[in-house]
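To start, the structure itself, in structure tokens.
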Amino acid sequence: QVQLAESGGGLVQAGGSLRLSCAASGRTFSSYAMAWFRQAPGKEREFVAAVRWSDGNTYYADSVKGRFTISRDNAKNTVYLQMNSLKPEDTAVYYCAADPRSRVYSRISYSFYDYEYWGQGTQVTVSS
């Protein structure tokens, strides 16, 4: 069973930085895509960034491109989201997710429907 555990959320002022971590366990992830999604109150869960575990290729939502960086550490089975130049509109619960069929379907999905495994979420609050 795959388990994902996020950490690193908190309160930060606008313009500041945070780094989120997602520790993954239970499987080998070489065929997976790993992603970060976020959900603000009253809004749908939205795609933030994804990384293909096998080659490290990365993908971003337009709203975070140039400010956020997703990466993975194979030795630690951990995915990171470095968030810089944070804005109040980045305030949300951030979720780590895993798509085990990424390689099978040759996809990097931006849809939360395609991600089978989820962490419990970590709150990020950006004050103005």
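Every chain in the structure tokens takes a letter, A first, then B, and so on in the order presented; its residues are numbered from 1, and the ligands are numbered from 1 following the presented order.
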
### Query
What's the 7 Å shell around Gln13 in chain A, counting only C-alpha atoms, without same-chain residues fewer than 6 positions away, as a list in words?
Val126, Ser127 and Ser128 of chain A

Saved selection, atoms kept: all heavy atoms, as a tab-separated table (two decimals), in the first residue's frame:
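Generated file (part02.tsv):
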```tsv
chain	number	residue	atom	x	y	z
A	126	VAL	N	-0.54	32.37	3.28
A	126	VAL	CA	0.31	33.49	2.90
A	126	VAL	C	-0.42	34.77	3.27
A	126	VAL	O	-1.51	35.05	2.76
A	126	VAL	CB	0.63	33.48	1.40
A	126	VAL	CG1	1.61	34.60	1.06
A	126	VAL	CG2	1.22	32.13	1.00
A	127	SER	N	0.17	35.53	4.16
A	127	SER	CA	-0.45	36.78	4.62
A	127	SER	C	0.03	37.96	3.77
A	127	SER	O	1.17	37.97	3.30
A	127	SER	CB	-0.13	37.02	6.08
A	127	SER	OG	1.27	37.20	6.25
A	128	SER	N	-0.85	38.92	3.60
A	128	SER	CA	-0.52	40.09	2.77
A	128	SER	C	0.12	41.18	3.59
A	128	SER	O	0.14	41.15	4.81
A	128	SER	CB	-1.77	40.59	2.07
A	128	SER	OG	-2.76	40.92	3.04
```

#### Entry: Selection near Phe29 in chain A, 9 Å with only C-alpha atoms, sequence-local residues under 3 positions removed, as a list in words
Ala24, Ser25, Tyr32, Ala33, Met34, Trp53, Ser54, Asn74, Asn77, Ala98 and Pro100 of chain A

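Distance annotation: of A:Glu44, A:Val12, A:Gly66, A:Ala35, the residue with the minimal separation from Asp99 in chain A is A:Ala35; atom set is only C-alpha atoms.
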
### Query
Do you know which residues are at most 7 Å from Phe47 in chain A counting only C-alpha atoms, after dropping those on the same chain fewer than 3 positions away, and could you put them as a PyMOL selection string?
chain A and resi 36-38+61+110-111

### Query
Residues at most 8 Å from Ser7 in chain A, counting only C-alpha atoms, excluding those fewer than 4 positions away in the same chain, as a VMD selection string?
chain A and resid 20 to 22 122

I need the chosen residues saved as a short mmCIF file (atom, residue, chain, number, x, y, z; two decimals), in the first residue's frame, with N, CA and C atoms.
```cif
data_model
loop_
_atom_site.label_atom_id
_atom_site.label_comp_id
_atom_site.auth_asym_id
_atom_site.auth_seq_id
_atom_site.Cartn_x
_atom_site.Cartn_y
_atom_site.Cartn_z
N LEU A 20 7.78 22.36 0.75
CA LEU A 20 6.97 21.23 1.16
C LEU A 20 7.69 19.94 0.80
N SER A 21 7.50 18.93 1.65
CA SER A 21 8.07 17.61 1.40
C SER A 21 6.95 16.57 1.38
N CYS A 22 7.15 15.55 0.58
CA CYS A 22 6.20 14.43 0.51
C CYS A 22 7.02 13.15 0.57
N THR A 122 -1.26 19.56 3.75
CA THR A 122 -0.58 20.46 4.66
C THR A 122 -1.01 21.89 4.33
#
```

### Message
As an exercise, work out the distance from CA of Leu18 in chain A to CA of Ala50 in chain A in Å and give it to one decimal place.
### Response
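Pair CA of Leu18 in chain A / CA of Ala50 in chain A returns 17.3 Å.
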
### Message
For the helix (DSSP H, G or I) assignment from backbone DSSP, which residues of chain A qualify? Please present them as number ranges by chain.
### Response
A: 88-90, 112-114

### Message
What's the separation between CA of Glu6 in chain A and CA of Ala40 in chain A, in Å to one decimal place?
### Response
16.8 Å

### Message
Could you tell me how far CA of Phe68 in chain A sits from CA of Arg45 in chain A, in Å to one decimal place?
### Response
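Computing the Euclidean distance for CA of Arg45 in chain A and CA of Phe68 in chain A yields 17.4 Å.
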
### Task
For each of A:Gly15, A:Ser109, A:Gln120, A:Ala49, take the minimum atom-to-atom distance to Leu81 in chain A, counting only C-alpha atoms, then give the residue where this is smallest.
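For Leu81 in chain A, the nearest of the candidates is A:Ala49.
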
### Task
Name the residues of range 16-85 of chain A that fall into strand (DSSP E or B) according to DSSP on the backbone, using the chain letters and numbers of this document, as a ChimeraX atom specification.
/A:18-25,33-39,46-52,58-60,68-73,78-83

For the residues selected in the previous step, produce a file with C-alpha atoms as a compact mmCIF listing (two decimals), in the first residue's frame.
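Writing done, so here's selection.txt:
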```txt
# COMPACT_ATOMS: atom_id res chain seq x y z
CA LEU A 18 8.35 27.56 1.91
CA ARG A 19 9.45 24.07 0.99
CA LEU A 20 6.97 21.23 1.16
CA SER A 21 8.07 17.61 1.40
CA CYS A 22 6.20 14.43 0.51
CA ALA A 23 7.67 11.20 1.85
CA ALA A 24 6.48 8.21 -0.15
CA SER A 25 6.55 4.60 1.02
CA ALA A 33 4.13 10.45 -11.68
CA MET A 34 4.07 12.49 -8.49
CA ALA A 35 2.18 15.74 -8.20
CA TRP A 36 1.16 18.54 -5.92
CA PHE A 37 -2.39 19.81 -5.89
CA ARG A 38 -3.95 22.51 -3.76
CA GLN A 39 -7.40 23.35 -2.56
CA GLU A 46 -6.30 22.29 -8.65
CA PHE A 47 -3.09 21.03 -10.19
CA VAL A 48 0.11 22.79 -9.12
CA ALA A 49 3.06 20.74 -10.40
CA ALA A 50 4.11 17.22 -11.33
CA VAL A 51 7.31 15.25 -11.80
CA ARG A 52 7.85 12.00 -13.63
CA THR A 58 8.59 18.53 -14.54
CA TYR A 59 5.28 20.21 -15.35
CA TYR A 60 3.66 23.29 -13.85
CA PHE A 68 7.56 27.00 -7.71
CA THR A 69 9.95 24.12 -8.33
CA ILE A 70 9.08 20.45 -7.97
CA SER A 71 11.84 17.88 -7.54
CA ARG A 72 12.39 14.35 -6.29
CA ASP A 73 15.08 12.57 -4.33
CA THR A 78 10.71 12.10 -1.34
CA VAL A 79 9.17 14.76 -3.54
CA TYR A 80 9.64 18.44 -2.81
CA LEU A 81 7.84 21.62 -3.74
CA GLN A 82 9.96 24.73 -3.34
CA MET A 83 7.66 27.74 -3.29
```
